[in-house]
file structure_29.tsv (TSV, C-alpha atoms and all ligand atoms)
chain	number	residue	atom	x	y	z
A	1	MET	CA	0.00	0.00	0.00
A	2	PRO	CA	1.39	3.46	-0.80
A	3	SER	CA	1.98	5.59	2.29
A	4	PRO	CA	-0.77	8.15	2.99
A	5	SER	CA	-0.27	11.65	1.55
A	6	ILE	CA	0.00	14.44	4.05
A	7	LEU	CA	0.44	18.19	3.80
A	8	SER	CA	2.66	20.02	6.26
A	9	VAL	CA	1.46	23.60	6.57
A	10	ALA	CA	4.44	25.07	8.45
A	11	LYS	CA	8.17	24.61	8.73
A	12	LEU	CA	7.89	21.82	11.27
A	13	SER	CA	10.33	20.84	13.99
A	14	PRO	CA	12.85	18.35	12.56
A	15	LEU	CA	11.86	16.07	15.46
A	16	PHE	CA	8.34	15.84	13.96
A	17	ALA	CA	9.28	16.18	10.28
A	18	SER	CA	11.75	13.28	10.37
A	19	GLN	CA	9.08	10.95	11.75
A	20	LEU	CA	6.59	12.09	9.11
A	21	ASP	CA	9.09	11.62	6.27
A	22	ALA	CA	9.72	8.02	7.33
A	23	ALA	CA	6.02	7.08	7.43
A	24	PHE	CA	4.15	9.27	4.94
A	25	SER	CA	4.38	10.88	1.57
A	26	VAL	CA	4.85	14.47	2.76
A	27	HIS	CA	4.01	17.55	0.70
A	28	ASP	CA	5.89	20.26	2.55
A	29	ARG	CA	3.99	23.57	2.30
A	30	LEU	CA	3.15	22.75	-1.32
A	31	HIS	CA	0.02	24.97	-1.13
A	32	GLN	CA	2.33	27.96	-0.61
A	33	THR	CA	5.23	27.06	-2.86
A	34	ASP	CA	3.60	25.50	-5.94
A	35	PRO	CA	-0.17	26.00	-6.31
A	36	ALA	CA	-0.37	23.96	-9.54
A	37	ALA	CA	1.42	20.96	-8.02
A	38	PHE	CA	-0.74	21.37	-4.91
A	39	ALA	CA	-3.93	21.30	-6.99
A	40	ALA	CA	-2.74	18.01	-8.50
A	41	ALA	CA	-1.78	16.50	-5.14
A	42	ALA	CA	-4.73	17.83	-3.08
A	43	PRO	CA	-7.33	15.13	-3.96
A	44	ALA	CA	-5.13	12.44	-2.36
A	45	ILE	CA	-4.12	14.35	0.80
A	46	ARG	CA	-5.52	12.63	3.89
A	47	ALA	CA	-3.80	14.52	6.71
A	48	ILE	CA	-2.39	17.89	7.67
A	49	ALA	CA	0.59	18.28	10.01
A	50	ALA	CA	0.76	21.67	11.72
A	51	SER	CA	2.47	23.59	14.51
A	52	GLY	CA	0.75	25.50	17.32
A	53	GLU	CA	0.96	28.75	15.36
A	54	SER	CA	-0.28	27.32	12.03
A	55	LYS	CA	-3.28	28.64	10.16
A	56	VAL	CA	-5.58	26.05	8.60
A	57	ASP	CA	-8.65	27.87	7.36
A	58	ALA	CA	-11.90	26.73	5.77
A	59	GLU	CA	-10.58	27.64	2.32
A	60	LEU	CA	-7.65	25.22	2.61
A	61	ILE	CA	-9.82	22.49	4.10
A	62	ALA	CA	-12.28	22.91	1.20
A	63	GLN	CA	-9.48	21.99	-1.23
A	64	LEU	CA	-8.83	18.67	0.52
A	65	PRO	CA	-11.81	16.36	-0.13
A	66	LYS	CA	-10.10	13.33	1.46
A	67	LEU	CA	-8.90	15.13	4.60
A	68	GLU	CA	-9.28	12.89	7.67
A	69	ILE	CA	-7.07	14.38	10.35
A	70	ILE	CA	-5.20	17.56	11.31
A	71	SER	CA	-2.40	16.85	13.78
A	72	VAL	CA	-1.08	19.94	15.57
A	73	MET	CA	2.31	19.81	17.31
A	74	GLY	CA	1.33	22.30	19.98
A	75	VAL	CA	-1.31	22.65	22.65
A	76	GLY	CA	-2.82	25.79	21.07
A	77	TYR	CA	-4.90	25.28	17.96
A	78	ASP	CA	-6.53	28.70	17.63
A	79	GLY	CA	-5.33	28.93	14.01
A	80	ILE	CA	-7.24	25.81	12.99
A	81	ASP	CA	-10.84	26.11	11.81
A	82	VAL	CA	-12.06	23.13	13.83
A	83	ALA	CA	-15.69	23.62	12.77
A	84	ALA	CA	-14.70	23.44	9.09
A	85	ALA	CA	-12.57	20.35	9.76
A	86	LYS	CA	-15.44	18.64	11.54
A	87	ALA	CA	-17.85	19.58	8.77
A	88	ARG	CA	-15.49	17.78	6.39
A	89	GLY	CA	-15.45	14.76	8.72
A	90	ALA	CA	-11.85	15.36	9.83
A	91	VAL	CA	-10.60	15.23	13.42
A	92	VAL	CA	-8.13	17.65	15.02
A	93	THR	CA	-5.49	16.55	17.53
A	94	HIS	CA	-3.02	18.57	19.63
A	95	THR	CA	-0.30	17.99	22.24
A	96	PRO	CA	-1.57	18.91	25.71
A	97	ASN	CA	0.13	18.16	29.04
A	98	VAL	CA	3.62	17.30	27.78
A	99	LEU	CA	4.54	21.01	27.69
A	100	ASN	CA	2.92	22.13	30.96
A	101	ASP	CA	6.20	22.14	32.91
A	102	ASP	CA	8.17	24.09	30.33
A	103	VAL	CA	5.59	26.80	29.77
A	104	ALA	CA	5.05	27.18	33.53
A	105	ASP	CA	8.82	27.33	34.09
A	106	LEU	CA	9.13	30.07	31.48
A	107	ALA	CA	6.26	32.05	33.02
A	108	ILE	CA	8.07	32.04	36.37
A	109	GLY	CA	11.33	32.90	34.59
A	110	LEU	CA	9.74	35.90	32.88
A	111	MET	CA	8.13	37.05	36.14
A	112	LEU	CA	11.50	36.93	37.91
A	113	SER	CA	13.34	38.43	34.94
A	114	ALA	CA	10.94	41.36	34.68
A	115	ALA	CA	10.72	41.93	38.44
A	116	ARG	CA	14.43	41.59	39.18
A	117	GLN	CA	15.49	43.10	35.83
A	118	LEU	CA	17.81	40.20	35.01
A	119	PRO	CA	18.48	41.10	31.35
A	120	ALA	CA	19.22	44.71	32.42
A	121	ALA	CA	21.49	43.40	35.21
A	122	ASP	CA	23.37	41.30	32.67
A	123	ARG	CA	23.76	44.32	30.37
A	124	TYR	CA	24.86	46.41	33.35
A	125	VAL	CA	27.75	44.12	34.21
A	126	ARG	CA	28.82	43.62	30.59
A	127	ALA	CA	28.82	47.37	29.93
A	128	GLY	CA	31.18	47.93	32.87
A	129	SER	CA	28.58	50.11	34.65
A	130	TRP	CA	28.96	48.33	38.00
A	131	SER	CA	32.16	50.17	38.87
A	132	LYS	CA	30.21	53.46	38.63
A	133	GLY	CA	27.63	52.37	41.21
A	134	PRO	CA	24.85	49.88	41.97
A	135	MET	CA	21.82	49.21	39.78
A	136	PRO	CA	18.52	50.83	40.74
A	137	LEU	CA	16.53	48.69	43.18
A	138	ALA	CA	14.16	46.12	41.68
A	139	ARG	CA	10.86	44.75	42.98
A	140	LYS	CA	10.32	41.66	45.12
A	141	MET	CA	8.42	38.70	43.70
A	142	SER	CA	8.13	36.38	46.71
A	143	GLY	CA	4.95	37.07	48.64
A	144	ALA	CA	3.43	39.26	45.90
A	145	ARG	CA	-0.05	38.84	44.40
A	146	LEU	CA	-0.33	36.74	41.25
A	147	GLY	CA	-3.35	37.02	38.97
A	148	LEU	CA	-3.69	34.29	36.36
A	149	VAL	CA	-5.80	34.90	33.29
A	150	GLY	CA	-6.65	31.27	32.53
A	151	MET	CA	-6.66	28.36	34.97
A	152	GLY	CA	-6.26	25.32	32.73
A	153	ARG	CA	-3.51	22.73	33.03
A	154	ILE	CA	-0.66	25.22	32.49
A	155	GLY	CA	-2.29	27.88	34.68
A	156	GLN	CA	-2.43	25.34	37.49
A	157	ALA	CA	1.24	24.42	36.92
A	158	ILE	CA	2.17	28.13	37.21
A	159	ALA	CA	0.07	28.47	40.38
A	160	HIS	CA	1.80	25.44	41.88
A	161	ARG	CA	5.22	27.03	41.29
A	162	ALA	CA	4.07	30.47	42.48
A	163	ALA	CA	2.85	28.93	45.74
A	164	ALA	CA	6.46	27.97	46.47
A	165	PHE	CA	7.31	31.69	46.21
A	166	GLY	CA	4.70	32.40	48.88
A	167	MET	CA	2.58	34.32	46.38
A	168	SER	CA	-1.14	34.79	46.90
A	169	ILE	CA	-2.96	33.46	43.84
A	170	ALA	CA	-6.18	34.47	42.13
A	171	TYR	CA	-7.54	33.90	38.64
A	172	THR	CA	-10.12	34.70	36.05
A	173	SER	CA	-11.56	32.47	33.37
A	174	ARG	CA	-14.93	32.13	31.66
A	175	SER	CA	-16.36	30.54	34.82
A	176	PRO	CA	-14.98	29.36	38.17
A	177	LYS	CA	-13.04	26.08	37.80
A	178	ALA	CA	-14.39	23.12	39.73
A	179	GLY	CA	-11.82	21.83	42.21
A	180	VAL	CA	-9.70	25.03	42.14
A	181	ALA	CA	-9.53	26.72	45.53
A	182	PHE	CA	-7.93	30.02	44.40
A	183	LYS	CA	-9.97	33.23	44.50
A	184	TYR	CA	-11.99	33.75	41.33
A	185	PHE	CA	-12.57	37.14	39.68
A	186	PRO	CA	-15.25	37.49	37.00
A	187	SER	CA	-13.18	39.84	34.80
A	188	ALA	CA	-9.57	40.50	33.84
A	189	THR	CA	-9.96	44.13	35.00
A	190	ALA	CA	-11.16	43.10	38.47
A	191	LEU	CA	-8.31	40.56	38.73
A	192	ALA	CA	-5.67	43.05	37.50
A	193	ALA	CA	-6.77	45.59	40.15
A	194	GLU	CA	-5.87	43.02	42.84
A	195	SER	CA	-2.62	41.74	41.24
A	196	ASP	CA	1.07	42.68	41.25
A	197	PHE	CA	1.78	40.18	38.46
A	198	LEU	CA	-0.80	39.46	35.78
A	199	VAL	CA	0.10	36.29	33.86
A	200	LEU	CA	-1.76	35.33	30.69
A	201	ILE	CA	-2.20	31.64	30.01
A	202	THR	CA	-5.52	31.37	28.24
A	203	PRO	CA	-6.19	29.94	24.76
A	204	GLY	CA	-6.02	32.36	21.83
A	205	GLY	CA	-8.81	32.80	19.29
A	206	ALA	CA	-11.91	34.95	18.93
A	207	GLY	CA	-13.08	34.49	22.55
A	208	THR	CA	-9.97	36.10	24.07
A	209	ARG	CA	-8.91	38.56	21.35
A	210	LYS	CA	-7.56	41.76	22.95
A	211	LEU	CA	-8.93	40.65	26.31
A	212	VAL	CA	-6.09	42.60	27.92
A	213	ASN	CA	-6.77	46.16	26.81
A	214	ALA	CA	-6.03	49.67	28.09
A	215	GLU	CA	-8.60	49.30	30.88
A	216	VAL	CA	-7.04	46.07	32.22
A	217	LEU	CA	-3.55	47.60	32.05
A	218	ALA	CA	-4.70	50.71	33.93
A	219	ALA	CA	-6.16	48.43	36.61
A	220	LEU	CA	-2.84	46.55	36.91
A	221	GLY	CA	-1.19	49.85	37.72
A	222	SER	CA	2.19	51.53	37.63
A	223	LYS	CA	3.96	48.87	39.72
A	224	GLY	CA	2.27	45.92	38.01
A	225	ILE	CA	4.02	43.46	35.72
A	226	LEU	CA	2.33	41.75	32.76
A	227	VAL	CA	3.58	38.35	31.59
A	228	ASN	CA	2.22	36.75	28.41
A	229	VAL	CA	2.95	33.09	27.65
A	230	ALA	CA	-0.40	32.56	25.89
A	231	ARG	CA	-0.93	34.14	22.48
A	232	GLY	CA	-0.11	37.64	21.24
A	233	SER	CA	-3.74	38.01	20.20
A	234	VAL	CA	-4.86	38.05	23.86
A	235	VAL	CA	-3.28	41.51	24.33
A	236	ASP	CA	-4.03	44.78	22.56
A	237	GLU	CA	-0.36	45.26	21.66
A	238	SER	CA	-0.55	48.95	20.85
A	239	ALA	CA	-2.35	49.61	24.15
A	240	LEU	CA	0.40	47.63	25.90
A	241	ILE	CA	3.19	49.62	24.25
A	242	ASP	CA	1.41	52.83	25.15
A	243	ALA	CA	0.97	51.67	28.78
A	244	LEU	CA	4.65	50.73	29.06
A	245	GLU	CA	5.86	53.97	27.50
A	246	ARG	CA	3.70	56.12	29.78
A	247	GLY	CA	4.41	54.10	32.94
A	248	VAL	CA	0.78	52.99	33.27
A	249	ILE	CA	2.23	49.55	34.12
A	250	GLY	CA	5.64	48.81	35.61
A	251	GLY	CA	7.03	46.24	33.19
A	252	ALA	CA	6.38	43.15	31.14
A	253	GLY	CA	7.75	39.75	30.20
A	254	LEU	CA	6.55	38.65	26.78
A	255	ASP	CA	7.03	35.34	24.97
A	256	VAL	CA	4.30	35.90	22.36
A	257	PHE	CA	3.37	38.79	20.06
A	258	GLU	CA	0.60	39.93	17.78
A	259	SER	CA	2.46	39.34	14.51
A	260	GLU	CA	5.31	36.89	15.14
A	261	PRO	CA	8.19	37.00	14.40
A	262	ASN	CA	7.74	40.77	14.06
A	263	VAL	CA	8.13	42.63	17.33
A	264	PRO	CA	7.41	46.36	17.07
A	265	GLU	CA	10.46	48.62	17.31
A	266	ARG	CA	8.78	50.65	20.09
A	267	LEU	CA	8.49	47.50	22.20
A	268	ARG	CA	12.09	46.48	21.51
A	269	ALA	CA	13.25	49.94	22.58
A	270	LEU	CA	11.79	49.64	26.09
A	271	PRO	CA	14.45	48.69	28.68
A	272	HIS	CA	12.02	47.42	31.33
A	273	VAL	CA	10.46	44.77	29.06
A	274	VAL	CA	11.86	41.25	28.84
A	275	LEU	CA	11.34	39.67	25.42
A	276	ALA	CA	11.53	36.03	24.29
A	277	PRO	CA	10.93	34.55	20.81
A	278	HIS	CA	7.99	32.21	21.61
A	279	ILE	CA	10.08	29.65	23.49
A	280	GLY	CA	7.49	28.41	26.01
A	281	SER	CA	7.88	24.76	24.99
A	282	ALA	CA	11.31	25.07	23.38
A	283	THR	CA	13.43	22.51	25.20
A	284	SER	CA	14.73	19.40	23.47
A	285	GLN	CA	12.96	17.15	25.98
A	286	THR	CA	9.56	18.77	25.55
A	287	ARG	CA	9.76	19.27	21.80
A	288	GLN	CA	10.61	15.55	21.46
A	289	ALA	CA	7.59	14.62	23.58
A	290	MET	CA	5.37	16.94	21.51
A	291	ALA	CA	6.69	15.52	18.23
A	292	ASP	CA	6.12	11.96	19.47
A	293	LEU	CA	2.56	12.78	20.51
A	294	ALA	CA	1.74	14.63	17.27
A	295	PHE	CA	3.15	11.73	15.24
A	296	GLY	CA	1.48	9.17	17.53
A	297	ASN	CA	-1.91	10.71	16.77
A	298	LEU	CA	-1.34	10.26	13.02
A	299	GLN	CA	-0.09	6.71	13.50
A	300	ALA	CA	-3.09	5.82	15.68
A	301	HIS	CA	-5.48	7.32	13.15
A	302	PHE	CA	-4.06	5.43	10.16
A	303	ALA	CA	-3.89	2.20	12.21
A	304	GLY	CA	-7.59	2.57	13.06
A	305	LYS	CA	-6.77	2.94	16.76
A	306	PRO	CA	-8.17	5.51	19.23
A	307	LEU	CA	-6.55	8.95	18.97
A	308	LEU	CA	-4.12	9.83	21.76
A	309	SER	CA	-5.11	13.47	22.22
A	310	PRO	CA	-7.98	14.86	20.13
A	311	VAL	CA	-8.93	18.50	20.85
A	312	PRO	CA	-11.96	18.81	23.18
A	313	GLU	CA	-14.32	19.66	20.30
A	314	CYS	CA	-13.46	16.32	18.63
A	315	GLN	CA	-13.77	14.09	21.72
B	401	LIG	C1	5.08	26.09	20.00
B	401	LIG	C2	2.80	26.65	21.17
B	401	LIG	O1	5.55	27.33	19.69
B	401	LIG	O2	1.99	24.62	22.01
B	401	LIG	C3	1.72	25.72	21.57
B	401	LIG	O3	0.55	26.11	21.44
B	401	LIG	O4	2.58	27.78	20.90
B	401	LIG	C4	4.21	26.17	21.19
B	401	LIG	O5	4.41	25.13	22.03
B	401	LIG	C5	4.82	25.40	18.73
B	401	LIG	O6	3.50	25.13	18.47
B	401	LIG	C6	5.67	24.21	18.48
B	401	LIG	O7	5.34	23.57	17.30
call {"tool": "encode", "arguments": {"input": "structure_29.tsv", "output": "structure tokens"}}
result
Amino acid sequence: MPSPSILSVAKLSPLFASQLDAAFSVHDRLHQTDPAAFAAAAPAIRAIAASGESKVDAELIAQLPKLEIISVMGVGYDGIDVAAAKARGAVVTHTPNVLNDDVADLAIGLMLSAARQLPAADRYVRAGSWSKGPMPLARKMSGARLGLVGMGRIGQAIAHRAAAFGMSIAYTSRSPKAGVAFKYFPSATALAAESDFLVLITPGGAGTRKLVNAEVLAALGSKGILVNVARGSVVDESALIDALERGVIGGAGLDVFESEPNVPERLRALPHVVLAPHIGSATSQTRQAMADLAFGNLQAHFAGKPLLSPVPECQ
């Protein structure tokens, strides 16, 4: 039997791509590079392989009459039109849980980096400024108030770590989470008003677009620190830049941006902002586990076995 045809819609991690190449006939981003060849190949394509940032819209799905499965190597799948996939009879899978530790670790790292100004401290020493005097005082993280926007698996992993820093923890989400004892706030603004650190770890997509706007930032206040390890779309980026420039908030630690990999010059110019290039899950251990799970879902599907991790809408 010929190996199933699949379309990869992004430059995939080599850890995932190498497994795909060995098992499938892979058309790597053919829809972008060669539309005529894609039109010829499309009727036979049975699967899509994607990353967490990939866009798979209804228009692409409509061109794939034999599509059965979209496997996302990432927990976030806000770029996938799940309704259109389901309407076509295709399932969508993702890679939850295996990246919880890494994303939570990075959230804590960005909180500490922004509060204690670690990148600035590093620059200070390298520039030889230490001999001229000490750095300005930073702010303490231990014992401060943490507000989490989102209390899913990763939110809970961040809370667990923050508890070890003696932080008081509260959260907001669409509704209070069963089994979660932390204080619940019905809105991001109400939560921000009671937080020193506001950490975003909620899914992207239409439901959370620009959830963190000028009003939320004003509520966080001039000593508050915003950390985003969710999606750039959750924040109104121009309102954030404005708030940072005018001192409406105290600082930020950002791993995600509105239009990656483009980070606005005004944001890059701000010394009290810590920036990272979307590295929440970027360790070799975790990326291997994600690749194995994303590949395992495709293998299970084509072997007629139960999927390992379908998205909630496909369970
Ligand atoms: C990765 C992510 O950047 O899991 C997600 O939703 O955003 C990240 O882990 C990426 O999807 C890896 O392929």
call {"tool": "closest_atom_pairs", "arguments": {"input": "structure_29.tsv", "of": "stretch 224-290 of chain A", "to": "stretch 47-51 of chain A", "cutoff": "12 Å", "atoms": "only C-alpha atoms", "output": "Markdown table"}}
result
| residue | atom | partner | partner_atom | distance |
| --- | --- | --- | --- | --- |
| A:Ser281 | CA | A:Ser51 | CA | 11.9 |
| A:Arg287 | CA | A:Ser51 | CA | 11.2 |
| A:Met290 | CA | A:Ser51 | CA | 10.1 |
call {"tool": "closest_residue", "arguments": {"input": "structure_29.tsv", "among": "A:Ala303, A:Ile154, A:Leu64, A:Val199", "to": "A:Val98", "atoms": "only C-alpha atoms"}}
result
A:Ile154
call {"tool": "axis_aligned_box", "arguments": {"input": "structure_29.tsv", "around": "ligand LIG 401 (chain B)", "padding_each_side": "3 Å", "output": "AutoDock Vina command-line options"}}
result
--center_x 3.1 --center_y 25.7 --center_z 19.7 --size_x 11.1 --size_y 10.2 --size_z 10.7
call {"tool": "residues_around", "arguments": {"input": "structure_29.tsv", "residues": "A:Gly155", "least_positions_apart": "3", "cutoff": "12 Å", "atoms": "only C-alpha atoms", "output": "ChimeraX atom specification"}}
result
/A:97,99-105,107-108,146-152,158-162,169-173,177,180,182,198-203,228-230
call {"tool": "residues_around", "arguments": {"input": "structure_29.tsv", "residues": "A:Asp78", "least_positions_apart": "5", "cutoff": "8 Å", "atoms": "only C-alpha atoms", "output": "list in words"}}
result
Gly52, Glu53, Pro203, Gly204 and Gly205 of chain A
call {"tool": "write_last_selection", "arguments": {"input": "structure_29.tsv", "atoms": "C-alpha atoms", "output": "PDB file, keeping the file's coordinate frame"}}
result
ATOM      1  CA  GLY A  52       0.750  25.500  17.320  1.00  0.00           C
ATOM      2  CA  GLU A  53       0.960  28.750  15.360  1.00  0.00           C
ATOM      3  CA  PRO A 203      -6.190  29.940  24.760  1.00  0.00           C
ATOM      4  CA  GLY A 204      -6.020  32.360  21.830  1.00  0.00           C
ATOM      5  CA  GLY A 205      -8.810  32.800  19.290  1.00  0.00           C
TER       6      GLY A 205
END
call {"tool": "atom_distance", "arguments": {"input": "structure_29.tsv", "atom1": "atom CA of A:Met1", "atom2": "atom CA of A:Phe24"}}
result
11.3 Å
call {"tool": "atom_distance", "arguments": {"input": "structure_29.tsv", "atom1": "atom CA of A:Val216", "atom2": "atom CA of A:Arg266"}}
result
20.5 Å
call {"tool": "atom_distance", "arguments": {"input": "structure_29.tsv", "atom1": "atom CA of A:Arg145", "atom2": "atom CA of A:Gly166"}}
result
9.2 Å
call {"tool": "closest_atom_pairs", "arguments": {"input": "structure_29.tsv", "of": "stretch 136-208 of chain A", "to": "stretch 219-225 of chain A", "cutoff": "9 Å", "atoms": "all atoms listed in the file", "output": "tab-separated table"}}
result
residue	atom	partner	partner_atom	distance
A:Arg139	CA	A:Lys223	CA	8.7
A:Thr189	CA	A:Ala219	CA	6.0
A:Ala190	CA	A:Ala219	CA	7.5
A:Leu191	CA	A:Leu220	CA	8.3
A:Ala192	CA	A:Leu220	CA	4.5
A:Ala193	CA	A:Ala219	CA	4.6
A:Glu194	CA	A:Leu220	CA	7.5
A:Ser195	CA	A:Leu220	CA	6.5
A:Asp196	CA	A:Gly224	CA	4.7
A:Phe197	CA	A:Ile225	CA	4.8
A:Leu198	CA	A:Ile225	CA	6.3
A:Val199	CA	A:Ile225	CA	8.4
call {"tool": "closest_residue", "arguments": {"input": "structure_29.tsv", "among": "A:Arg116, A:Arg46, A:Arg231, A:His31", "to": "A:Ala206", "atoms": "all atoms listed in the file"}}
result
A:Arg231
call {"tool": "build_atoms", "arguments": {"input": "structure_29.tsv", "residues": "stretch 129-149 of chain A", "atoms": "N, CA, C and O atoms", "output": "PDB file, in the frame of the given file"}}
result
ATOM      1  N   SER A 129      29.230  49.053  33.869  1.00  0.00           N
ATOM      2  CA  SER A 129      28.580  50.110  34.650  1.00  0.00           C
ATOM      3  C   SER A 129      28.696  49.894  36.158  1.00  0.00           C
ATOM      4  O   SER A 129      28.521  50.829  36.946  1.00  0.00           O
ATOM      5  N   TRP A 130      28.949  48.671  36.579  1.00  0.00           N
ATOM      6  CA  TRP A 130      28.960  48.330  38.000  1.00  0.00           C
ATOM      7  C   TRP A 130      29.965  49.174  38.770  1.00  0.00           C
ATOM      8  O   TRP A 130      29.699  49.619  39.889  1.00  0.00           O
ATOM      9  N   SER A 131      31.129  49.422  38.158  1.00  0.00           N
ATOM     10  CA  SER A 131      32.160  50.170  38.870  1.00  0.00           C
ATOM     11  C   SER A 131      31.724  51.612  39.144  1.00  0.00           C
ATOM     12  O   SER A 131      32.267  52.289  40.025  1.00  0.00           O
ATOM     13  N   LYS A 132      30.687  52.074  38.415  1.00  0.00           N
ATOM     14  CA  LYS A 132      30.210  53.460  38.630  1.00  0.00           C
ATOM     15  C   LYS A 132      29.136  53.526  39.717  1.00  0.00           C
ATOM     16  O   LYS A 132      28.702  54.599  40.110  1.00  0.00           O
ATOM     17  N   GLY A 133      28.659  52.367  40.170  1.00  0.00           N
ATOM     18  CA  GLY A 133      27.630  52.370  41.210  1.00  0.00           C
ATOM     19  C   GLY A 133      26.674  51.214  41.045  1.00  0.00           C
ATOM     20  O   GLY A 133      26.723  50.503  40.041  1.00  0.00           O
ATOM     21  N   PRO A 134      25.780  51.021  42.035  1.00  0.00           N
ATOM     22  CA  PRO A 134      24.850  49.880  41.970  1.00  0.00           C
ATOM     23  C   PRO A 134      23.692  50.157  41.003  1.00  0.00           C
ATOM     24  O   PRO A 134      23.416  51.309  40.661  1.00  0.00           O
ATOM     25  N   MET A 135      23.034  49.081  40.609  1.00  0.00           N
ATOM     26  CA  MET A 135      21.820  49.210  39.780  1.00  0.00           C
ATOM     27  C   MET A 135      20.688  49.783  40.617  1.00  0.00           C
ATOM     28  O   MET A 135      20.683  49.593  41.835  1.00  0.00           O
ATOM     29  N   PRO A 136      19.702  50.412  39.974  1.00  0.00           N
ATOM     30  CA  PRO A 136      18.520  50.830  40.740  1.00  0.00           C
ATOM     31  C   PRO A 136      17.857  49.612  41.375  1.00  0.00           C
ATOM     32  O   PRO A 136      17.962  48.507  40.845  1.00  0.00           O
ATOM     33  N   LEU A 137      17.171  49.822  42.502  1.00  0.00           N
ATOM     34  CA  LEU A 137      16.530  48.690  43.180  1.00  0.00           C
ATOM     35  C   LEU A 137      15.389  48.123  42.332  1.00  0.00           C
ATOM     36  O   LEU A 137      14.690  48.863  41.629  1.00  0.00           O
ATOM     37  N   ALA A 138      15.215  46.808  42.436  1.00  0.00           N
ATOM     38  CA  ALA A 138      14.160  46.120  41.680  1.00  0.00           C
ATOM     39  C   ALA A 138      12.949  45.890  42.569  1.00  0.00           C
ATOM     40  O   ALA A 138      12.858  46.462  43.652  1.00  0.00           O
ATOM     41  N   ARG A 139      11.999  45.042  42.121  1.00  0.00           N
ATOM     42  CA  ARG A 139      10.860  44.750  42.980  1.00  0.00           C
ATOM     43  C   ARG A 139      10.858  43.286  43.386  1.00  0.00           C
ATOM     44  O   ARG A 139      11.325  42.422  42.658  1.00  0.00           O
ATOM     45  N   LYS A 140      10.311  43.014  44.576  1.00  0.00           N
ATOM     46  CA  LYS A 140      10.320  41.660  45.120  1.00  0.00           C
ATOM     47  C   LYS A 140       9.187  40.842  44.513  1.00  0.00           C
ATOM     48  O   LYS A 140       8.074  41.355  44.339  1.00  0.00           O
ATOM     49  N   MET A 141       9.485  39.572  44.221  1.00  0.00           N
ATOM     50  CA  MET A 141       8.420  38.700  43.700  1.00  0.00           C
ATOM     51  C   MET A 141       7.809  37.833  44.802  1.00  0.00           C
ATOM     52  O   MET A 141       6.589  37.682  44.866  1.00  0.00           O
ATOM     53  N   SER A 142       8.656  37.242  45.650  1.00  0.00           N
ATOM     54  CA  SER A 142       8.130  36.380  46.710  1.00  0.00           C
ATOM     55  C   SER A 142       7.103  37.141  47.535  1.00  0.00           C
ATOM     56  O   SER A 142       7.308  38.308  47.883  1.00  0.00           O
ATOM     57  N   GLY A 143       5.995  36.488  47.813  1.00  0.00           N
ATOM     58  CA  GLY A 143       4.950  37.070  48.640  1.00  0.00           C
ATOM     59  C   GLY A 143       4.020  38.031  47.924  1.00  0.00           C
ATOM     60  O   GLY A 143       3.054  38.515  48.510  1.00  0.00           O
ATOM     61  N   ALA A 144       4.289  38.307  46.637  1.00  0.00           N
ATOM     62  CA  ALA A 144       3.430  39.260  45.900  1.00  0.00           C
ATOM     63  C   ALA A 144       2.143  38.572  45.433  1.00  0.00           C
ATOM     64  O   ALA A 144       1.963  37.369  45.590  1.00  0.00           O
ATOM     65  N   ARG A 145       1.257  39.362  44.835  1.00  0.00           N
ATOM     66  CA  ARG A 145      -0.050  38.840  44.400  1.00  0.00           C
ATOM     67  C   ARG A 145       0.000  38.475  42.916  1.00  0.00           C
ATOM     68  O   ARG A 145       0.294  39.317  42.071  1.00  0.00           O
ATOM     69  N   LEU A 146      -0.308  37.225  42.632  1.00  0.00           N
ATOM     70  CA  LEU A 146      -0.330  36.740  41.250  1.00  0.00           C
ATOM     71  C   LEU A 146      -1.770  36.609  40.768  1.00  0.00           C
ATOM     72  O   LEU A 146      -2.590  35.960  41.417  1.00  0.00           O
ATOM     73  N   GLY A 147      -2.048  37.194  39.619  1.00  0.00           N
ATOM     74  CA  GLY A 147      -3.350  37.020  38.970  1.00  0.00           C
ATOM     75  C   GLY A 147      -3.143  36.234  37.688  1.00  0.00           C
ATOM     76  O   GLY A 147      -2.356  36.644  36.833  1.00  0.00           O
ATOM     77  N   LEU A 148      -3.817  35.117  37.556  1.00  0.00           N
ATOM     78  CA  LEU A 148      -3.690  34.290  36.360  1.00  0.00           C
ATOM     79  C   LEU A 148      -4.924  34.464  35.482  1.00  0.00           C
ATOM     80  O   LEU A 148      -6.059  34.251  35.940  1.00  0.00           O
ATOM     81  N   VAL A 149      -4.696  34.847  34.242  1.00  0.00           N
ATOM     82  CA  VAL A 149      -5.800  34.900  33.290  1.00  0.00           C
ATOM     83  C   VAL A 149      -5.790  33.557  32.567  1.00  0.00           C
ATOM     84  O   VAL A 149      -4.969  33.313  31.682  1.00  0.00           O
TER      85      VAL A 149
END
